[in-house]
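Enquirer: Got target-v3.cif for you, mmCIF, C-alpha atoms and all ligand atoms:
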```
data_coords
#
loop_
_atom_site.label_atom_id
_atom_site.label_comp_id
_atom_site.auth_asym_id
_atom_site.auth_seq_id
_atom_site.Cartn_x
_atom_site.Cartn_y
_atom_site.Cartn_z
CA MET R 1 0.00 0.00 0.00
CA LEU R 2 1.13 3.46 -0.98
CA PHE R 3 0.91 4.93 2.51
CA ASP R 4 2.34 2.08 4.56
CA ASP R 5 5.98 3.10 4.18
CA LEU R 6 5.72 6.86 4.48
CA GLU R 7 6.50 7.12 8.17
CA LYS R 8 9.44 4.75 7.88
CA GLN R 9 10.82 6.70 4.93
CA LEU R 10 10.47 9.98 6.80
CA GLU R 11 12.30 8.44 9.76
CA GLU R 12 15.12 7.38 7.43
CA ARG R 13 15.40 10.89 6.08
CA LYS R 14 15.80 12.21 9.60
CA GLU R 15 18.48 9.63 10.39
CA ASN R 16 20.38 10.65 7.26
CA HIS R 17 20.11 14.38 8.07
CA LEU R 18 18.12 14.89 4.87
CA TYR R 19 14.84 15.88 6.50
CA ARG R 20 13.69 19.31 5.37
CA SER R 21 11.51 21.68 7.32
CA ARG R 22 10.31 25.24 6.90
CA LYS R 23 11.10 28.26 8.99
CA VAL R 24 8.19 30.61 9.49
CA ILE R 25 9.05 34.20 8.55
CA GLU R 26 7.04 36.88 10.32
CA SER R 27 8.29 39.98 8.50
CA PRO R 28 9.00 41.28 5.01
CA GLN R 29 11.77 39.60 3.05
CA THR R 30 14.75 41.77 4.03
CA VAL R 31 18.29 40.96 5.15
CA GLU R 32 16.94 41.06 8.72
CA PRO R 33 13.78 38.95 8.75
CA VAL R 34 11.96 37.86 11.89
CA VAL R 35 12.08 34.08 12.41
CA ASP R 36 10.23 32.50 15.34
CA GLY R 37 9.81 35.90 16.95
CA LYS R 38 13.51 36.69 16.65
CA LYS R 39 15.21 39.14 14.29
CA VAL R 40 18.07 37.41 12.48
CA LEU R 41 20.65 38.37 9.88
CA SER R 42 19.89 36.43 6.72
CA PHE R 43 22.39 35.29 4.09
CA CYS R 44 20.21 32.86 2.16
CA SER R 45 17.63 34.86 0.24
CA ASN R 46 17.76 35.33 -3.53
CA ASP R 47 16.54 38.92 -3.19
CA TYR R 48 19.95 40.01 -4.52
CA LEU R 49 19.12 43.66 -5.15
CA GLY R 50 16.91 44.18 -2.11
CA LEU R 51 13.76 44.90 -4.13
CA ALA R 52 11.33 42.42 -2.51
CA ASN R 53 10.33 45.02 0.05
CA HIS R 54 11.22 48.19 -1.85
CA PRO R 55 8.64 50.93 -1.07
CA ASP R 56 8.10 51.83 -4.76
CA VAL R 57 7.56 48.18 -5.70
CA VAL R 58 5.11 47.75 -2.82
CA LYS R 59 3.31 50.96 -3.85
CA SER R 60 2.86 49.74 -7.45
CA PHE R 61 1.55 46.43 -6.17
CA LYS R 62 -1.04 48.16 -3.95
CA ARG R 63 -2.10 50.61 -6.64
CA ALA R 64 -2.60 47.81 -9.17
CA ALA R 65 -4.56 45.76 -6.61
CA ASP R 66 -6.90 48.75 -6.28
CA SER R 67 -7.40 48.83 -10.07
CA TYR R 68 -7.35 45.12 -10.89
CA GLY R 69 -8.25 43.35 -7.66
CA VAL R 70 -6.23 40.35 -6.55
CA GLY R 71 -6.99 37.29 -8.66
CA SER R 72 -6.43 37.28 -12.43
CA GLY R 73 -9.42 34.96 -12.72
CA SER R 74 -8.16 32.66 -15.46
CA ALA R 75 -5.32 31.69 -17.75
CA HIS R 76 -3.68 34.24 -20.08
CA LEU R 77 -5.48 32.74 -23.09
CA VAL R 78 -8.90 32.98 -21.48
CA SER R 79 -9.38 36.31 -19.69
CA GLY R 80 -6.40 36.62 -17.35
CA HIS R 81 -4.01 38.62 -19.54
CA SER R 82 -4.21 42.19 -18.24
CA ALA R 83 -2.76 45.42 -19.63
CA GLU R 84 -0.14 45.24 -16.84
CA HIS R 85 1.03 41.81 -18.07
CA HIS R 86 1.07 43.05 -21.64
CA GLN R 87 3.09 46.16 -20.80
CA LEU R 88 5.56 44.19 -18.70
CA GLU R 89 6.18 41.77 -21.58
CA GLN R 90 6.94 44.65 -23.95
CA GLU R 91 9.20 46.38 -21.43
CA LEU R 92 11.12 43.17 -20.72
CA ALA R 93 11.56 42.53 -24.46
CA GLU R 94 13.01 46.00 -24.85
CA PHE R 95 15.24 45.52 -21.81
CA ILE R 96 16.67 42.23 -23.08
CA GLY R 97 16.72 43.30 -26.72
CA THR R 98 14.57 40.48 -28.11
CA GLU R 99 11.53 40.49 -30.38
CA ARG R 100 9.18 39.10 -27.79
CA VAL R 101 8.89 38.02 -24.18
CA LEU R 102 6.31 35.70 -22.61
CA LEU R 103 5.45 35.75 -18.90
CA PHE R 104 5.05 32.52 -16.94
CA SER R 105 3.73 32.14 -13.40
CA THR R 106 7.01 30.65 -12.12
CA GLY R 107 10.48 29.83 -13.44
CA TYR R 108 9.85 26.14 -12.84
CA MET R 109 6.82 26.32 -15.13
CA ALA R 110 8.67 28.37 -17.74
CA ASN R 111 11.33 25.69 -18.03
CA LEU R 112 8.81 22.83 -18.19
CA GLY R 113 6.74 24.74 -20.72
CA VAL R 114 9.55 25.70 -23.09
CA VAL R 115 11.31 22.35 -23.28
CA SER R 116 8.17 20.27 -23.58
CA ALA R 117 6.74 22.56 -26.27
CA LEU R 118 9.89 22.38 -28.39
CA CYS R 119 11.09 18.79 -27.88
CA ASP R 120 9.55 15.36 -28.25
CA ARG R 121 10.76 11.75 -28.28
CA HIS R 122 12.70 12.43 -31.48
CA SER R 123 14.75 15.22 -29.90
CA LYS R 124 17.99 15.09 -27.97
CA ILE R 125 18.61 17.39 -25.00
CA TYR R 126 22.13 18.13 -23.69
CA GLU R 127 22.24 19.26 -20.08
CA ASP R 128 25.00 20.30 -17.70
CA LYS R 129 25.13 17.89 -14.72
CA LEU R 130 24.52 20.78 -12.33
CA ASN R 131 21.53 22.26 -14.14
CA HIS R 132 18.61 23.34 -11.97
CA ALA R 133 16.07 20.62 -11.09
CA SER R 134 13.39 22.31 -13.19
CA LEU R 135 15.52 21.94 -16.34
CA LEU R 136 16.10 18.26 -15.65
CA ASP R 137 12.39 17.71 -14.99
CA ALA R 138 11.58 19.63 -18.17
CA ALA R 139 13.64 17.23 -20.28
CA LEU R 140 12.00 14.22 -18.60
CA LEU R 141 8.54 15.60 -19.29
CA SER R 142 9.36 16.17 -22.95
CA ARG R 143 10.25 12.46 -23.41
CA ALA R 144 13.34 13.48 -25.40
CA LYS R 145 16.58 11.52 -25.23
CA ARG R 146 18.66 13.04 -22.48
CA VAL R 147 22.42 13.50 -22.46
CA ARG R 148 24.18 14.94 -19.40
CA TYR R 149 27.66 16.41 -19.65
CA LEU R 150 30.08 17.08 -16.78
CA HIS R 151 29.76 20.52 -15.24
CA ASN R 152 30.98 23.18 -17.70
CA ASP R 153 32.95 20.51 -19.62
CA ILE R 154 33.05 21.94 -23.13
CA GLU R 155 35.21 19.08 -24.45
CA GLN R 156 32.69 16.50 -23.34
CA LEU R 157 29.74 18.47 -24.65
CA SER R 158 31.55 18.83 -27.95
CA SER R 159 32.29 15.12 -28.32
CA ARG R 160 28.73 14.17 -27.35
CA LEU R 161 27.35 16.56 -29.94
CA GLU R 162 29.72 15.19 -32.52
CA MET R 163 28.52 11.62 -31.92
CA SER R 164 24.92 12.51 -32.61
CA SER R 165 23.16 12.53 -35.95
CA ASN R 166 19.94 13.73 -34.35
CA GLU R 167 18.47 16.70 -36.18
CA ASN R 168 16.55 18.21 -33.31
CA LYS R 169 19.17 19.04 -30.66
CA LEU R 170 18.79 21.39 -27.72
CA ILE R 171 21.58 22.45 -25.37
CA VAL R 172 20.29 23.63 -21.98
CA THR R 173 22.35 25.33 -19.29
CA ASP R 174 22.02 27.51 -16.21
CA GLY R 175 23.67 30.91 -16.80
CA VAL R 176 24.80 31.31 -13.18
CA PHE R 177 24.73 27.91 -11.48
CA SER R 178 22.28 28.13 -8.62
CA MET R 179 24.15 26.16 -5.96
CA ASP R 180 27.76 26.91 -7.01
CA GLY R 181 27.55 30.51 -8.20
CA ASP R 182 29.87 30.00 -11.15
CA LEU R 183 29.08 30.92 -14.74
CA ALA R 184 28.49 28.76 -17.79
CA PRO R 185 31.19 29.26 -20.46
CA LEU R 186 28.50 30.65 -22.69
CA ASN R 187 30.72 31.89 -25.51
CA ASP R 188 32.03 28.36 -26.02
CA ILE R 189 28.62 26.75 -25.65
CA ALA R 190 27.11 29.18 -28.17
CA ARG R 191 29.91 28.39 -30.61
CA LEU R 192 29.25 24.63 -30.25
CA ALA R 193 25.53 25.19 -30.68
CA SER R 194 26.10 26.91 -33.99
CA GLU R 195 28.77 24.40 -35.10
CA TYR R 196 26.46 21.42 -34.49
CA SER R 197 23.19 23.15 -35.43
CA ALA R 198 21.77 22.76 -31.94
CA ALA R 199 19.33 25.17 -30.36
CA LEU R 200 20.51 26.84 -27.14
CA MET R 201 18.46 27.60 -24.02
CA VAL R 202 19.94 29.54 -21.10
CA ASP R 203 18.24 29.78 -17.70
CA ASP R 204 19.66 32.96 -16.19
CA ALA R 205 17.58 32.93 -12.99
CA HIS R 206 20.54 34.11 -10.88
CA GLY R 207 22.16 36.38 -13.46
CA ILE R 208 19.28 38.50 -14.66
CA GLY R 209 19.20 41.84 -12.86
CA VAL R 210 22.53 41.10 -11.14
CA LEU R 211 25.15 40.68 -13.87
CA GLY R 212 26.10 43.22 -16.52
CA THR R 213 26.24 46.98 -16.16
CA LYS R 214 22.52 47.34 -16.89
CA GLY R 215 21.51 44.06 -15.25
CA LYS R 216 20.81 42.14 -18.45
CA GLY R 217 22.49 39.12 -16.97
CA ILE R 218 25.12 36.74 -18.26
CA ILE R 219 24.77 37.81 -21.89
CA GLU R 220 25.66 41.39 -21.03
CA HIS R 221 28.38 40.30 -18.59
CA LEU R 222 30.11 38.14 -21.22
CA GLY R 223 29.30 40.46 -24.11
CA ILE R 224 27.29 37.85 -26.00
CA ASP R 225 24.92 38.86 -28.78
CA ILE R 226 21.39 37.90 -27.71
CA LYS R 227 20.88 36.36 -31.18
CA LYS R 228 23.27 33.61 -30.13
CA VAL R 229 20.93 32.72 -27.26
CA PRO R 230 17.63 32.04 -29.02
CA ILE R 231 15.91 30.97 -25.77
CA LEU R 232 16.61 32.96 -22.62
CA VAL R 233 14.72 32.35 -19.38
CA GLY R 234 14.77 34.87 -16.54
CA THR R 235 12.96 34.66 -13.22
CA LEU R 236 11.30 37.51 -11.37
CA GLY R 237 11.32 36.08 -7.84
CA LYS R 238 15.05 36.62 -7.31
CA ALA R 239 16.79 39.89 -8.25
CA PHE R 240 13.49 41.45 -9.36
CA GLY R 241 12.03 40.83 -5.92
CA THR R 242 8.53 39.85 -7.12
CA ALA R 243 7.37 36.51 -8.57
CA GLY R 244 7.07 34.75 -11.90
CA ALA R 245 9.35 34.32 -14.88
CA PHE R 246 9.76 35.19 -18.54
CA VAL R 247 11.03 33.61 -21.71
CA ALA R 248 12.73 35.90 -24.23
CA GLY R 249 13.11 35.03 -27.90
CA SER R 250 11.84 35.46 -31.42
CA GLU R 251 8.28 36.15 -32.51
CA ALA R 252 8.05 32.54 -33.78
CA LEU R 253 9.30 31.08 -30.48
CA ILE R 254 6.88 33.09 -28.36
CA GLU R 255 3.89 32.38 -30.60
CA THR R 256 4.78 28.67 -30.52
CA LEU R 257 4.86 28.75 -26.72
CA ILE R 258 1.48 30.50 -26.58
CA GLN R 259 0.01 27.75 -28.78
CA LYS R 260 1.76 24.72 -27.29
CA SER R 261 3.25 25.30 -23.86
CA ARG R 262 1.07 23.38 -21.44
CA SER R 263 2.38 25.07 -18.29
CA TYR R 264 1.43 28.37 -19.92
CA ILE R 265 -1.96 27.37 -21.27
CA PHE R 266 -3.32 25.35 -18.38
CA THR R 267 -2.64 27.62 -15.45
CA THR R 268 -3.99 30.85 -13.99
CA ALA R 269 -2.12 34.01 -14.93
CA MET R 270 -0.05 35.67 -12.19
CA PRO R 271 -2.00 38.49 -10.51
CA ALA R 272 -1.90 41.75 -12.48
CA ALA R 273 -0.55 43.49 -9.36
CA VAL R 274 2.53 41.25 -9.47
CA ALA R 275 3.12 42.34 -13.07
CA ALA R 276 2.65 45.99 -12.09
CA ALA R 277 5.10 45.65 -9.20
CA THR R 278 7.58 43.98 -11.55
CA ARG R 279 7.37 46.92 -13.99
CA THR R 280 8.60 49.13 -11.15
CA SER R 281 11.30 46.60 -10.25
CA LEU R 282 12.46 46.63 -13.85
CA GLN R 283 12.99 50.39 -13.69
CA LEU R 284 15.01 50.02 -10.49
CA VAL R 285 17.01 47.16 -12.03
CA GLU R 286 17.81 49.26 -15.09
CA ASN R 287 18.52 52.57 -13.39
CA GLU R 288 20.06 51.82 -10.01
CA ASN R 289 23.51 50.55 -10.94
CA TRP R 290 24.64 51.25 -7.41
CA ARG R 291 22.83 48.11 -6.25
CA ARG R 292 24.98 45.88 -8.47
CA GLU R 293 28.12 47.82 -7.54
CA LYS R 294 27.35 47.56 -3.83
CA LEU R 295 26.69 43.84 -4.20
CA GLN R 296 30.04 43.32 -5.95
CA SER R 297 31.86 45.21 -3.23
CA LEU R 298 30.22 43.07 -0.49
CA ILE R 299 31.15 39.92 -2.43
CA SER R 300 34.79 41.06 -2.67
CA GLN R 301 34.84 41.95 1.02
CA PHE R 302 33.52 38.50 1.92
CA ARG R 303 35.92 36.62 -0.37
CA LYS R 304 38.90 38.54 0.95
CA GLY R 305 37.88 38.01 4.58
CA ALA R 306 37.11 34.33 4.05
CA ALA R 307 40.48 33.76 2.38
CA GLU R 308 42.19 35.37 5.38
CA LEU R 309 40.34 32.95 7.65
CA GLY R 310 41.40 30.04 5.46
CA LEU R 311 37.83 29.14 4.48
CA THR R 312 37.62 27.27 1.20
CA LEU R 313 35.37 29.07 -1.25
CA MET R 314 34.20 28.07 -4.70
CA ASP R 315 35.17 29.59 -8.00
CA SER R 316 32.40 32.16 -7.90
CA ASN R 317 32.32 35.92 -8.21
CA THR R 318 28.55 36.15 -8.02
CA ALA R 319 26.24 36.77 -5.08
CA ILE R 320 26.19 32.99 -4.46
CA GLN R 321 29.20 32.12 -2.25
CA PRO R 322 28.84 28.54 -1.03
CA VAL R 323 31.02 27.04 1.69
CA VAL R 324 31.12 23.30 1.03
CA ILE R 325 31.09 21.27 4.24
CA GLY R 326 30.67 17.72 2.91
CA SER R 327 28.38 15.61 5.07
CA SER R 328 24.74 16.56 5.52
CA GLY R 329 24.97 16.06 9.29
CA ASP R 330 27.88 18.50 9.72
CA THR R 331 26.19 21.06 7.50
CA VAL R 332 22.97 20.92 9.50
CA VAL R 333 24.91 21.33 12.76
CA LEU R 334 26.70 24.41 11.42
CA SER R 335 23.45 25.90 10.16
CA GLU R 336 21.96 25.42 13.66
CA LYS R 337 24.99 26.97 15.30
CA LEU R 338 24.70 29.96 12.99
CA LEU R 339 21.03 30.38 13.90
CA ALA R 340 21.92 30.25 17.59
CA ARG R 341 24.12 33.26 16.79
CA ASN R 342 21.20 34.93 14.93
CA ILE R 343 22.50 34.22 11.43
CA LEU R 344 20.17 32.48 8.97
CA ILE R 345 21.87 30.29 6.35
CA SER R 346 20.12 27.10 5.32
CA ALA R 347 21.89 23.78 4.88
CA ILE R 348 21.77 22.71 1.23
CA ARG R 349 21.85 18.92 0.93
CA PRO R 350 21.28 16.15 -1.64
CA PRO R 351 19.45 15.85 -3.95
CA THR R 352 19.76 19.62 -4.44
CA VAL R 353 23.55 19.14 -4.60
CA PRO R 354 25.59 15.97 -5.28
CA GLU R 355 26.22 13.48 -2.45
CA GLY R 356 29.10 14.53 -0.16
CA THR R 357 28.96 18.21 -1.17
CA SER R 358 26.43 19.55 1.35
CA ARG R 359 27.02 23.21 1.87
CA LEU R 360 26.13 26.47 3.46
CA ARG R 361 24.86 28.43 0.48
CA ILE R 362 25.70 31.99 1.45
CA THR R 363 24.07 34.71 -0.64
CA PHE R 364 24.45 38.46 -0.53
CA SER R 365 22.08 41.31 -1.17
CA ALA R 366 22.71 44.95 -2.08
CA THR R 367 20.95 45.80 1.18
CA HIS R 368 23.57 44.08 3.34
CA THR R 369 26.13 46.40 4.95
CA GLU R 370 29.88 45.99 5.41
CA GLU R 371 29.17 45.46 9.12
CA HIS R 372 26.83 42.58 8.24
CA VAL R 373 29.60 40.88 6.25
CA ASP R 374 32.08 41.42 9.11
CA GLU R 375 29.60 39.89 11.52
CA LEU R 376 29.17 36.86 9.25
CA LEU R 377 32.93 36.35 8.99
CA THR R 378 33.39 36.65 12.75
CA VAL R 379 30.68 34.09 13.49
CA LEU R 380 31.85 31.68 10.76
CA ASP R 381 35.32 31.80 12.29
CA GLU R 382 34.03 31.15 15.79
CA ILE R 383 31.74 28.22 15.04
CA ARG R 384 33.84 26.14 12.67
C1 LIG S 401 14.88 29.45 -8.82
C2 LIG S 401 15.21 28.84 -10.13
C3 LIG S 401 14.22 28.43 -11.02
C4 LIG S 401 12.77 28.43 -10.63
O1 LIG S 401 12.23 29.69 -10.62
P1 LIG S 401 10.90 29.95 -9.74
O2 LIG S 401 10.36 31.21 -10.29
O3 LIG S 401 11.36 30.04 -8.33
O4 LIG S 401 10.01 28.78 -9.98
C5 LIG S 401 14.59 27.99 -12.27
N1 LIG S 401 15.89 27.90 -12.62
C6 LIG S 401 16.87 28.25 -11.78
C7 LIG S 401 18.30 28.12 -12.22
C8 LIG S 401 16.56 28.72 -10.50
O5 LIG S 401 17.54 29.02 -9.66
#
```
Output the file's structure as structure tokens, nothing else.
Expert:
Amino acid sequence: MLFDDLEKQLEERKENHLYRSRKVIESPQTVEPVVDGKKVLSFCSNDYLGLANHPDVVKSFKRAADSYGVGSGSAHLVSGHSAEHHQLEQELAEFIGTERVLLFSTGYMANLGVVSALCDRHSKIYEDKLNHASLLDAALLSRAKRVRYLHNDIEQLSSRLEMSSNENKLIVTDGVFSMDGDLAPLNDIARLASEYSAALMVDDAHGIGVLGTKGKGIIEHLGIDIKKVPILVGTLGKAFGTAGAFVAGSEALIETLIQKSRSYIFTTAMPAAVAAATRTSLQLVENENWRREKLQSLISQFRKGAAELGLTLMDSNTAIQPVVIGSSGDTVVLSEKLLARNILISAIRPPTVPEGTSRLRITFSATHTEEHVDELLTVLDEIR
């Protein structure tokens, strides 16, 4: 019977330090949220630019709720596609420099929707081993043949592409890897894509808004022509501080997704107020360079301080600065010790990361201060 084993399996998870539980937040999402009645210093949110509780973003959300109410009432193709959604799509297309953009309710759904609309059992999908879970699930759902290549291993990707005679090939990669913070070698991947006539899809959930002078993400950071990335996915719940996601690409791609993407068609549109709030976020993302500059300076401060303490960091210059601990048990203990010192950093364990690489995934926000980073370094030093 389906239910007979559940309790035993849950017990096993606990024994293996893999049991996950939620902390209840009783405040806005800032670098100092209130957890269980206690104000803590958080280094694990993806609100990289500090926009989730920005007064202008909140104001736009409230104003749009007054005009549009809360629920969008139906899917985009029925009656849920408001003027706010429509405007946001056009503004995002202009921002990225693509013909069209399509909004999805979440990044997870965007990835499922794109891959399963474009690929079928006759396709072949090449994925980096460390790609986000939603990209791996997307390939599974599409029923395509799946080929994984070692993390950022261009040689291996190249030889796997060379071995294939399949005509419908798609290379899929994170832009900034979500648990490691490093970047995909996108220039090389784009070159391979064109050499082997493969389509290329980049999920820049952690790069959009953060990387590049204007916040256009990895393509701006590496100086890559957007035409070389025919499918770009960005999420709105991280640097943009709101919720949802978008796919950027050609007119033909977007129209195809509107016709065929099941996670677009068969779901309720995000509330119009979320779209309105995101339009304000987009302006802040574009115009407030100081947020990205501040973030970079905090990242440098942390890396320098951590090196002085002899902490081993990963090859990352982004806001994601993981400290790999190894065993899940040790990582959980450190996370608890940090919380006892009022610092919130969650323990990231398998299957989110490979076995034996459990880590404290430290993230920074433009709204942290130098004193916050000093505090983090002091406590990390004392508890290890
Ligand atoms: C967070 C994330 C997603 C999912 O986006 P949501 O909007 O949170 O569903 C997709 N891809 C990557 C790389 C992510 O980090």
Enquirer: To check your reading of the model: which residues sit at most 9 Å from ligand LIG 401 (chain S) when counting all atoms listed in the file? Write the answer as number ranges by chain.
Expert: R: 46, 104-111, 131-135, 173-179, 203-206, 233-238, 243-245
Enquirer: Can you tell me, as a VMD selection string, what residues are no more than 9 Å from range 286-290 of chain R when counting all atoms listed in the file, ignoring any on the same chain fewer than 2 positions away?
Expert: chain R and resid 95 209 213 to 216 281 to 284 292 to 295 366
Enquirer: Each side padded by 5 Å, which centre and which edge lengths in Å (one decimal) define the axis-aligned box around the listed atoms of range 88-99 of chain R? Give them as lines of an AutoDock Vina configuration file.
Expert:
```
center_x = 11.1
center_y = 43.4
center_z = -24.5
size_x = 21.2
size_y = 15.9
size_z = 21.7
```
Enquirer: Write out as a Markdown table a residue-level contact list of range 79-161 of chain R versus range 59-69 of chain R with cut-off 10 Å: for each qualifying residue the closest pair of atoms and the distance in Å to one decimal, counting only C-alpha atoms, rows sorted by chain and residue number upward.
Expert:
```
| residue | atom | partner | partner_atom | distance |
| --- | --- | --- | --- | --- |
| R:Ser82 | CA | R:Tyr68 | CA | 8.5 |
| R:Ala83 | CA | R:Tyr68 | CA | 9.9 |
| R:Glu84 | CA | R:Ala64 | CA | 8.5 |
```
Enquirer: Residues within 6 Å of (-5.1, 39.8, -9.7), file coordinates, counting only C-alpha atoms: what are they? Give the list as a list in words.
Expert: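 Checking each residue against the 6 Å limit leaves Tyr68, Gly69, Val70, Gly71, Ser72, Pro271, Ala272 and Ala273 of chain R.
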Enquirer: So the first atom is CA of Ser346 in chain R and the second is CA of Lys8 in chain R; what is the distance between them in Å, to one decimal place?
Expert: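 Between CA of Ser346 in chain R and CA of Lys8 in chain R the gap is 24.9 Å.
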Enquirer: Figure out the distance between CA of Asp188 in chain R and CA of Ala144 in chain R, please, to one decimal in Å.
Expert: 23.9 Å
Enquirer: Within 7 Å of Thr98 in chain R, counting all atoms listed in the file, which residues qualify if same-chain residues fewer than 3 places away don't, as number ranges by chain?
Expert: R: 93-94, 248-250
Enquirer: Hey, what's within 7 Å of Phe43 in chain R if we count all atoms listed in the file and toss same-chain stuff fewer than 6 positions away? As JSON, numbers by chain, please?
Expert: {"R": [344, 345, 362, 363, 364]}
Enquirer: Env of Asn187 in chain R: 9 Å cut, atoms = only C-alpha atoms, seq-sep filter 2 positions within chain, self excluded. Answer as a ChimeraX atom specification.
Expert: /R:184-185,189-192,222-224,228
Enquirer: Could you tell me how far CA of Leu157 in chain R lies from CA of Lys145 in chain R, in Å and to one decimal?
Expert: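 Straight-line distance from CA of Leu157 in chain R to CA of Lys145 in chain R works out to 14.9 Å.
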Enquirer: So that I can check the surroundings of Leu380 in chain R, please list as a ChimeraX atom specification every protein, DNA and RNA residue that reaches within 10 Å of it, counting only C-alpha atoms and ignoring chain neighbours fewer than 2 positions away.
Expert: /R:306,309,311,334,337-338,341,343,374-378,382-384
Enquirer: Could you tell me which of R:Glu11, R:Glu220, R:Asp182, R:Asp120 comes closest to Arg143 in chain R if we count only C-alpha atoms?
Expert: R:Asp120
Enquirer: From the options R:Gln259, R:Ser194, R:Thr280, R:Asn342, which residue's atoms come nearest to Lys227 in chain R, counting all atoms listed in the file?
Expert: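 Looking only at the distances to Lys227 in chain R, the closest residue turns out to be R:Ser194.
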Enquirer: Have a look at R:Asp381, R:Asp4, R:Asp180, R:Glu32 and name the one nearest to Ser316 in chain R; count all atoms listed in the file.
Expert: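 That would be R:Asp180, the residue with the smallest distance to Ser316 in chain R.
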Enquirer: Which residue out of R:Gln90, R:Ser42, R:Gln301, R:Asn53 has the minimum interatomic distance to Leu339 in chain R when all atoms listed in the file are used?
Expert: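 Smallest separation from Leu339 in chain R among the options: R:Ser42.
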Enquirer: Using all atoms listed in the file, can you tell me which of R:Glu355, R:Pro230, R:Leu18, R:Leu6 comes closest to Val247 in chain R?
Expert: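 Smallest distance to Val247 in chain R is found for R:Pro230.
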Enquirer: Which is closer to Ala139 in chain R than all the others in R:Asn166, R:Ser123, R:Ser300, R:Gln321, using all atoms listed in the file?
Expert: R:Ser123
